[in-house]
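A.B. asks: Structure file final-v4.cif (mmCIF, C-alpha atoms) is given on the next line.
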data_target
loop_
_atom_site.group_PDB
_atom_site.id
_atom_site.type_symbol
_atom_site.label_atom_id
_atom_site.label_comp_id
_atom_site.auth_asym_id
_atom_site.auth_seq_id
_atom_site.Cartn_x
_atom_site.Cartn_y
_atom_site.Cartn_z
ATOM 1 C CA MET A 5 15.717 76.354 -48.493
ATOM 2 C CA ARG A 6 16.151 73.578 -51.021
ATOM 3 C CA ARG A 7 19.668 72.876 -49.609
ATOM 4 C CA TRP A 8 18.263 72.455 -46.093
ATOM 5 C CA GLY A 9 15.618 70.021 -47.392
ATOM 6 C CA THR A 10 18.251 67.995 -49.258
ATOM 7 C CA ALA A 11 20.530 67.903 -46.189
ATOM 8 C CA LEU A 12 17.670 66.880 -43.921
ATOM 9 C CA ALA A 13 16.621 64.079 -46.317
ATOM 10 C CA ALA A 14 20.239 62.841 -46.461
ATOM 11 C CA LEU A 15 20.472 62.763 -42.645
ATOM 12 C CA THR A 16 17.143 60.906 -42.400
ATOM 13 C CA LEU A 17 18.287 58.258 -44.899
ATOM 14 C CA ALA A 18 21.629 57.845 -43.121
ATOM 15 C CA GLY A 19 19.846 57.397 -39.782
ATOM 16 C CA ALA A 20 17.490 54.813 -41.264
ATOM 17 C CA GLY A 21 20.467 52.917 -42.673
ATOM 18 C CA MET A 22 22.181 52.884 -39.280
ATOM 19 C CA ALA A 23 18.992 51.681 -37.584
ATOM 20 C CA ALA A 24 18.601 48.868 -40.112
ATOM 21 C CA THR A 25 22.231 47.846 -39.582
ATOM 22 C CA ALA A 26 21.758 47.912 -35.809
ATOM 23 C CA GLY A 27 18.591 45.803 -36.155
ATOM 24 C CA THR A 28 20.439 43.242 -38.276
ATOM 25 C CA ALA A 29 23.331 43.174 -35.807
ATOM 26 C CA GLY A 30 20.877 42.731 -32.930
ATOM 27 C CA ALA A 31 19.162 39.827 -34.696
ATOM 28 C CA ALA A 32 22.541 38.209 -35.390
ATOM 29 C CA THR A 33 23.531 38.582 -31.736
ATOM 30 C CA THR A 34 20.222 37.055 -30.608
ATOM 31 C CA SER A 35 20.713 34.160 -33.033
ATOM 32 C CA ARG A 36 24.261 33.558 -31.757
ATOM 33 C CA THR A 37 23.032 33.671 -28.150
ATOM 34 C CA ALA A 38 20.265 31.148 -28.866
ATOM 35 C CA LYS A 39 22.744 28.857 -30.643
ATOM 36 C CA ALA A 40 25.223 29.102 -27.766
ATOM 37 C CA ALA A 41 22.467 28.293 -25.251
ATOM 38 C CA ALA A 42 21.401 25.249 -27.300
ATOM 39 C CA GLU A 43 25.014 24.045 -27.489
ATOM 40 C CA ALA A 44 25.444 24.542 -23.738
ATOM 41 C CA CYS A 45 22.392 22.311 -23.158
ATOM 42 C CA ALA A 46 23.471 19.593 -25.605
ATOM 43 C CA THR A 47 23.468 16.093 -24.069
ATOM 44 C CA ARG A 48 23.141 12.484 -25.166
ATOM 45 C CA TRP A 49 20.633 11.381 -22.541
ATOM 46 C CA GLY A 50 17.922 9.644 -24.563
ATOM 47 C CA SER A 51 14.631 8.335 -23.163
ATOM 48 C CA VAL A 52 15.235 4.607 -22.622
ATOM 49 C CA ASP A 53 14.726 3.016 -19.191
ATOM 50 C CA ARG A 54 17.508 3.397 -16.617
ATOM 51 C CA THR A 55 18.209 0.921 -13.806
ATOM 52 C CA ALA A 56 20.776 0.359 -11.074
ATOM 53 C CA GLN A 57 20.961 -2.451 -8.535
ATOM 54 C CA ALA A 58 20.511 -1.564 -4.882
ATOM 55 C CA SER A 59 23.343 -2.308 -2.485
ATOM 56 C CA ASP A 60 20.966 -1.781 0.437
ATOM 57 C CA HIS A 61 17.530 -0.329 1.221
ATOM 58 C CA LYS A 62 17.765 2.853 3.242
ATOM 59 C CA PRO A 63 14.975 5.245 4.308
ATOM 60 C CA LEU A 64 13.800 8.043 2.032
ATOM 61 C CA ALA A 65 14.057 11.390 3.845
ATOM 62 C CA ASP A 66 12.744 13.903 1.302
ATOM 63 C CA ILE A 67 11.949 14.617 -2.349
ATOM 64 C CA ARG A 68 12.435 18.085 -3.837
ATOM 65 C CA ALA A 69 12.380 19.726 -7.257
ATOM 66 C CA GLY A 70 14.401 22.458 -8.931
ATOM 67 C CA ARG A 71 14.522 24.377 -12.195
ATOM 68 C CA HIS A 72 17.665 24.738 -14.292
ATOM 69 C CA GLU A 73 18.488 26.369 -17.620
ATOM 70 C CA CYS A 74 18.393 23.128 -19.627
ATOM 71 C CA TYR A 75 16.314 20.766 -17.500
ATOM 72 C CA ASP A 76 14.024 20.308 -14.502
ATOM 73 C CA ARG A 77 15.375 18.248 -11.593
ATOM 74 C CA LEU A 78 13.872 15.902 -8.998
ATOM 75 C CA VAL A 79 16.117 14.990 -6.043
ATOM 76 C CA PHE A 80 15.569 12.064 -3.666
ATOM 77 C CA ASP A 81 17.344 12.457 -0.319
ATOM 78 C CA VAL A 82 18.180 8.985 1.014
ATOM 79 C CA LYS A 83 19.260 8.707 4.670
ATOM 80 C CA GLY A 84 22.687 7.126 4.839
ATOM 81 C CA GLY A 85 23.015 6.845 1.061
ATOM 82 C CA THR A 86 26.526 7.152 -0.388
ATOM 83 C CA THR A 87 28.072 7.108 -3.836
ATOM 84 C CA ALA A 88 30.159 4.116 -2.703
ATOM 85 C CA GLU A 89 26.982 2.187 -1.815
ATOM 86 C CA PRO A 90 24.569 3.344 -4.532
ATOM 87 C CA THR A 91 20.824 3.606 -4.170
ATOM 88 C CA GLY A 92 19.047 1.313 -6.607
ATOM 89 C CA TYR A 93 16.420 2.616 -9.023
ATOM 90 C CA ARG A 94 14.264 1.907 -12.056
ATOM 91 C CA VAL A 95 13.192 4.929 -14.114
ATOM 92 C CA GLY A 96 11.249 4.819 -17.368
ATOM 93 C CA TYR A 97 8.250 6.078 -19.298
ATOM 94 C CA VAL A 98 4.944 4.253 -18.850
ATOM 95 C CA ASP A 99 1.564 4.601 -20.568
ATOM 96 C CA ALA A 100 -0.273 4.608 -17.228
ATOM 97 C CA MET A 101 0.673 4.404 -13.574
ATOM 98 C CA TYR A 102 -0.646 1.731 -11.214
ATOM 99 C CA GLN A 103 0.001 1.721 -7.509
ATOM 100 C CA ASP A 104 2.381 -1.002 -6.334
ATOM 101 C CA GLY A 105 0.644 -3.531 -4.130
ATOM 102 C CA SER A 106 -2.988 -2.652 -4.912
ATOM 103 C CA GLY A 107 -2.747 -2.157 -8.690
ATOM 104 C CA ASP A 108 -5.076 0.841 -8.429
ATOM 105 C CA PRO A 109 -4.642 3.394 -11.255
ATOM 106 C CA ILE A 110 -3.101 6.746 -10.332
ATOM 107 C CA ALA A 111 -3.826 9.709 -12.606
ATOM 108 C CA VAL A 112 -0.709 11.727 -13.424
ATOM 109 C CA GLY A 113 -1.033 15.012 -15.346
ATOM 110 C CA GLY A 114 1.139 15.982 -18.311
ATOM 111 C CA GLY A 115 1.862 14.661 -21.779
ATOM 112 C CA ALA A 116 3.919 11.680 -20.554
ATOM 113 C CA ILE A 117 4.517 9.779 -17.299
ATOM 114 C CA LEU A 118 8.000 9.020 -16.022
ATOM 115 C CA GLU A 119 7.698 6.317 -13.363
ATOM 116 C CA ILE A 120 10.473 6.409 -10.776
ATOM 117 C CA ARG A 121 11.115 3.536 -8.380
ATOM 118 C CA VAL A 122 13.789 4.191 -5.757
ATOM 119 C CA ALA A 123 15.207 1.444 -3.515
ATOM 120 C CA ALA A 124 14.461 3.544 -0.441
ATOM 121 C CA THR A 125 11.452 3.036 1.793
ATOM 122 C CA SER A 126 9.268 5.838 3.135
ATOM 123 C CA TYR A 127 9.631 4.306 6.592
ATOM 124 C CA ASP A 128 12.453 3.080 8.820
ATOM 125 C CA THR A 129 12.681 -0.682 8.273
ATOM 126 C CA GLY A 130 13.909 -1.208 11.849
ATOM 127 C CA THR A 131 11.242 0.770 13.717
ATOM 128 C CA GLY A 132 8.454 1.152 11.137
ATOM 129 C CA ALA A 133 8.413 4.923 11.771
ATOM 130 C CA GLU A 134 7.470 7.061 8.768
ATOM 131 C CA THR A 135 10.415 8.917 7.189
ATOM 132 C CA TYR A 136 8.611 10.415 4.178
ATOM 133 C CA PRO A 137 4.924 11.485 4.371
ATOM 134 C CA GLY A 138 3.748 10.476 0.882
ATOM 135 C CA ARG A 139 0.140 9.427 0.349
ATOM 136 C CA ALA A 140 -1.075 7.214 -2.491
ATOM 137 C CA GLY A 141 -2.310 9.196 -5.502
ATOM 138 C CA LYS A 142 -1.509 12.581 -3.924
ATOM 139 C CA PRO A 143 1.046 15.193 -5.066
ATOM 140 C CA LEU A 144 4.455 14.938 -3.426
ATOM 141 C CA PRO A 145 4.467 16.859 -0.128
ATOM 142 C CA GLY A 146 6.262 20.198 -0.420
ATOM 143 C CA VAL A 147 6.923 19.829 -4.167
ATOM 144 C CA ASP A 148 5.266 22.512 -6.309
ATOM 145 C CA VAL A 149 6.073 22.280 -10.024
ATOM 146 C CA THR A 150 3.844 25.192 -11.063
ATOM 147 C CA GLY A 151 5.646 27.191 -13.764
ATOM 148 C CA TYR A 152 8.232 24.512 -14.542
ATOM 149 C CA ARG A 153 9.069 24.096 -18.239
ATOM 150 C CA THR A 154 9.155 20.286 -18.226
ATOM 151 C CA PHE A 155 7.566 19.028 -14.988
ATOM 152 C CA LYS A 156 3.769 19.216 -14.918
ATOM 153 C CA ASP A 157 2.692 16.944 -12.036
ATOM 154 C CA THR A 158 4.006 14.675 -9.269
ATOM 155 C CA ARG A 159 2.203 11.754 -7.644
ATOM 156 C CA TYR A 160 3.154 9.431 -4.839
ATOM 157 C CA GLY A 161 2.463 5.773 -5.603
ATOM 158 C CA ALA A 162 3.530 3.572 -2.717
ATOM 159 C CA SER A 163 6.394 2.296 -0.626
ATOM 160 C CA PHE A 164 6.208 -1.428 -1.203
ATOM 161 C CA GLU A 165 8.710 -4.281 -0.931
ATOM 162 C CA GLY A 166 11.677 -1.973 -0.360
ATOM 163 C CA GLU A 167 10.882 0.524 -3.143
ATOM 164 C CA THR A 168 9.176 3.890 -3.213
ATOM 165 C CA GLN A 169 7.165 4.557 -6.385
ATOM 166 C CA ILE A 170 6.695 8.066 -7.814
ATOM 167 C CA GLY A 171 4.855 9.260 -10.927
ATOM 168 C CA LEU A 172 6.383 12.332 -12.577
ATOM 169 C CA GLY A 173 4.159 14.014 -15.155
ATOM 170 C CA VAL A 174 6.207 15.754 -17.851
ATOM 171 C CA ARG A 175 5.269 17.899 -20.841
ATOM 172 C CA ALA A 176 6.207 15.176 -23.356
ATOM 173 C CA ARG A 177 8.403 12.082 -23.624
ATOM 174 C CA LEU A 178 11.702 13.939 -23.223
ATOM 175 C CA PRO A 179 15.279 12.788 -22.619
ATOM 176 C CA PHE A 180 16.339 12.200 -19.019
ATOM 177 C CA ARG A 181 19.284 11.108 -16.930
ATOM 178 C CA VAL A 182 19.664 9.521 -13.479
ATOM 179 C CA PHE A 183 22.730 9.712 -11.241
ATOM 180 C CA GLN A 184 23.755 9.691 -7.605
ATOM 181 C CA SER A 185 25.765 12.253 -5.667
ATOM 182 C CA GLY A 186 26.348 11.328 -2.031
ATOM 183 C CA ASP A 187 22.963 10.700 -0.411
ATOM 184 C CA HIS A 188 21.071 12.280 -3.329
ATOM 185 C CA LEU A 189 19.556 10.305 -6.205
ATOM 186 C CA ILE A 190 18.951 12.813 -9.021
ATOM 187 C CA VAL A 191 16.593 12.643 -12.006
ATOM 188 C CA ASP A 192 16.940 15.391 -14.647
ATOM 189 C CA VAL A 193 14.478 15.750 -17.540
ATOM 190 C CA ALA A 194 15.547 18.007 -20.441
ATOM 191 C CA HIS A 195 13.371 20.886 -21.609
ATOM 192 C CA SER A 196 13.382 19.633 -25.199
ATOM 193 C CA TRP A 197 14.931 17.168 -27.626
ATOM 194 C CA ASP A 198 16.558 20.023 -29.550
ATOM 195 C CA THR A 199 18.683 21.003 -26.570
ATOM 196 C CA ALA A 200 19.358 17.475 -25.400
ATOM 197 C CA ARG A 201 20.997 15.829 -28.387
#
Let me see whether you can do it: turn the structure in this file into structure tokens.

C.D. replies:
Amino acid sequence: MRRWGTALAALTLAGAGMAATAGTAGAATTSRTAKAAAEACATRWGSVDRTAQASDHKPLADIRAGRHECYDRLVFDVKGGTTAEPTGYRVGYVDAMYQDGSGDPIAVGGGAILEIRVAATSYDTGTGAETYPGRAGKPLPGVDVTGYRTFKDTRYGASFEGETQIGLGVRARLPFRVFQSGDHLIVDVAHSWDTAR
């Protein structure tokens, strides 16, 4: 009977040792996965203002948002925009947002406000017909950022003197980038500084 008890105790200790080893291996794998994910998200974006001169003012067709592993994305669809004839923009953090033209304050939720000015009007400059249905101080039509890691709010400012003004509420003052691909002007805001260095 004593031999069975000794054998059973030995098996129990061996099993516990294997479980502890498996737990350590699992933690190491999780750590490696987290490190690999952080390295995959590494960028050098920074948070200083970005600008580009407009070659022309074309109508704004749509604004949409998307979620990605390392960042949240806002895309401006500009009718007739091309990479060869870039869409102008000014993008930067502001302490408060004021509507172009009137100067009225516009409340934007989140920990920081990224103001985006795109050299694309929300109307056709030839006919005056509306091309994008934004309304001052209201969320962007069709853009729902509920559940996004970085984006917290969107607000339409105005379309004034050839520019459309947007307020993007983000979780904090985080690194961002701006670039154009065909008729899309793209603004990406990283999920954190740790993964965007």

A.B. asks: Could you tell me, as number ranges by chain, exactly which residues end up selected when the PyMOL selection byres ((chain A and resi 170-187) around 7) is applied to this structure?

C.D. replies: A: 49-51, 81-87, 101, 112-121, 154-161, 168-169, 188-194, 196-197, 200

A.B. asks: I'd like to see the residues matched by the PyMOL selection byres ((chain A and resi 65) around 10) on this file, and ideally I'd get them as a ChimeraX atom specification.

C.D. replies: /A:62-64,66-67,80-84,124-128,134-137,187

A.B. asks: Please, what distance in Å, to one decimal, runs between CA of Val52 (chain A) and CA of Val98 (chain A)?

C.D. replies: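 CA of Val98 (chain A) lies 11.0 Å from CA of Val52 (chain A).
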
A.B. asks: CA of Ser163 (chain A) and CA of Asp104 (chain A) are how many Å apart?

C.D. replies: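 Value for the CA of Ser163 (chain A)-CA of Asp104 (chain A) distance: 7.7 Å.
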
A.B. asks: Would you please work out which residue, of A:Gly107, A:Gly166, A:Gly92, A:Gly70, is nearest to Gly141 (chain A) when using all atoms listed in the file?

C.D. replies: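 Closest to Gly141 (chain A), using all atoms listed in the file: A:Gly107.
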
A.B. asks: What gap, in Å, lies between CA of Thr55 (chain A) and CA of Tyr75 (chain A)?

C.D. replies: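 Interatomic distance, CA of Thr55 (chain A) to CA of Tyr75 (chain A): 20.3 Å.
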
A.B. asks: So, counting only C-alpha atoms, which residue among A:Ala133, A:Arg71, A:Tyr152, A:Ala140 is closest to Pro109 (chain A)?

C.D. replies: A:Ala140

A.B. asks: Rank A:Arg54, A:Gly132, A:Ala69, A:Ser59 by their smallest atom-to-atom distance to Leu144 (chain A), using all atoms listed in the file, and report the top residue only.

C.D. replies: A:Ala69

A.B. asks: Report, as JSON, the centre and edge lengths in Å (one decimal) of the axis-aligned box enclosing every listed atom of region 142-146 of chain A, padded by 3 Å on each side.

C.D. replies:
{"center_x": 2.4, "center_y": 16.4, "center_z": -2.6, "size_x": 13.8, "size_y": 13.6, "size_z": 10.9}

A.B. asks: Between A:Val149, A:Leu78, A:Ala162, A:Ala123, which is the closest to Ala56 (chain A) once you count only C-alpha atoms?

C.D. replies: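 Counting only C-alpha atoms, the residue closest to Ala56 (chain A) is A:Ala123.
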